[in-house]
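Asks: For reference, the structure I am asking about is given below.
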Amino acid sequence: MDVPSVFRILKVGIGPSSSHTMGPFFAARDFRGLVAAHGFTGGRLRVILLGSLAATGRGHLTDAAVAAGLSGHEFDRAATSLPEVLAAVRAAGEIGIAGHRFAFQPDEDIVFDGSDRDLPHPNTLRFALLSNDGRVLLAEEYRSLGGGAVAGGTFGEGADWKKGQFTMSQVLAACREEGTDLVGFVRENERRLGVGSEEVAARLAALWTAMVDSISRGVSTRGVLPGRLHLARRAPGMYEALQERTGAQHVLSREMDYASTYAIAVAEENAAGGRVVTAPTCGAAGVLPAALRTLQETIGVPDERIHDALLVAGLIGLAVATNASIAGAEVGCQGEVGTASAMAAAAACCLLGGDPEAQVDRAAETALEHYLGLTCDPVYGLVQIPCIERNAAAAVAALHAASLALLCRGEDRITFDTAVAALAETGRDMDRKYKETARGGIASLFEREAGDRQGTESG
Ligand code: SF4
């Protein structure tokens, strides 16, 4: 059994997508470093986005992320937004690397190539440095694996998820043998991986602060989200309405209403290109903070207990990443929002005192089971419809799954490992158009209807 660090799953990131924004940004930064390391002094930079990156890259700001990475920006957008970086690079028509100028016009040098079906990964991107007469001086291929992880370049294959590294059954058996719980197991594993307890505490505190901040910004920032949908942000209005509600006016429960509002707040922040925590991805970033913040406000637990719950959530995310996939382009939204719901359910169940084997595993399994087969079909390739509401539904489902598991005693017939295996198999069988291409489901029907409406209006 070889359990990776939970901090490979839980990371501060920038929306709207960990696989289509963060991953390409890191790949571009890496290629920039290679150009500098080889001592090149000029030429033209070229980027080819393939597969799902070609299909939904514009909506996911992949072009802007690549321009920002090649330009050497830090992945912290507090000062400058990705669209602003893209506009600046467009205006300059070049990029400076190690004191030299390299021609780069994003509209010509970022190629969205949806033709290649035989790819090493659905999120593949190729970088090249060309001489003035078009010869290839340097070329590198990268794969954006989901959750911001990248393979290729100086990342090598080491950044790839190694499949079958561990199962939850093995973890639960180890907990039994060692007389520890899931939190103790993950803490010991981090220590074994060289992350000391102070470092773990600092990282968890930073992650939880970033999660709470993303909720706070989401419930207080009004306006319209970027992109062709011109979608107005809903979270501030929902939050105000919630605070005015009296008990009888809550349709489900006060807690469920807050969980929905917080999840939408974070998902809207993500859609706006804001700072969120990948859990396991940016597209699904609202689920875990919404569930945990709602519980914290309801039962009044200190941050330290939330930090413990984050460790359990990370473990569940790792189990999916290493035994199936957390990339929508590989397995559809079941791998993103489905995994997020399982992570949040396990975290909530742990926070509420659930037994690891009989209840936490069951909570994660219950949450994931009902998302199996969930397609990824974002309208116009934006992480907005259906993604934002999906975060709310999954946060409520997570709390429901945790509650259900705590009510149940006795053995669950389906383990979390079985649900993860079903996710992997279903993802393999799913038609490509349902895996982050914006060519199936709600995305294609919406576009068809929008085209019909336009035809009717102009006719
Ligand atoms: S549908 Fe799901 S997987 Fe696809 S972009 Fe939206 S949140 Fe991500």
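Naming scheme: A, B, ... for chains in displayed order of the structure tokens; residues 1 onward per chain; ligands 1 onward as shown.
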Extract, using only C-alpha atoms, all DNA, RNA and protein residues at most 8 Å from range 373-385 of chain A, discarding same-chain residues fewer than 4 positions from it, and format them as a PyMOL selection string.

Replies: chain A and resi 16-17+55-60+227-229+267-268+271+283+328-329+332-334+338+389+423+426-427+430+434-444+446-447

Asks: Mind checking which residues fall within 8 Å of Gln165 in chain A, counting only C-alpha atoms, ignoring those fewer than 5 positions away in the same chain, and posting them as a compact mmCIF listing (two decimals) with C-alpha atoms, in the first residue's frame?

Replies:
# COMPACT_ATOMS: atom_id res chain seq x y z
CA MET A 1 0.00 0.00 0.00
CA ASP A 2 1.38 3.35 -1.05
CA VAL A 3 -0.81 6.34 -0.11
CA THR A 322 -5.47 6.49 -7.90
CA ASN A 323 -8.14 3.89 -8.68

Asks: For a test of reading the model, state the distance in Å between CA of Thr21 in chain A and CA of Gly43 in chain A, rounded to one decimal.

Replies: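 Atom-to-atom, CA of Thr21 in chain A to CA of Gly43 in chain A, that is 25.2 Å.
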
Asks: Enumerate the residues of range 347-422 of chain A with a DSSP assignment of alpha helix (DSSP H), computed from the backbone, and present them as a PyMOL selection string.

Replies: chain A and resi 347-351+361-369+387-407+416-422

Asks: Could you tell me which of A:Leu407, A:Ala91, A:Ala327, A:Leu352 comes closest to ligand 1 if we count only C-alpha atoms and all ligand atoms?

Replies: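 Checking each of A:Leu407, A:Ala91, A:Ala327, A:Leu352 against ligand 1, counting only C-alpha atoms and all ligand atoms, the winner is A:Ala327.
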
Asks: Might you pull out every residue within 8 Å of range 28-33 of chain A, with only C-alpha atoms counted and same-chain residues fewer than 4 positions away left off, and present them as number ranges by chain?

Replies: A: 24, 37, 66-72, 97, 127, 140, 153-154

Asks: When you draw a straight line from CA of Leu130 in chain A to CA of Leu45 in chain A, how long is it in Å?

Replies: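 So the answer is 6.3 Å.
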
Asks: Quick check, in Å to one decimal: how far apart do CA of Ala394 in chain A and CA of Thr339 in chain A lie?

Replies: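 Rounded to one decimal, the two atoms are 9.4 Å apart.
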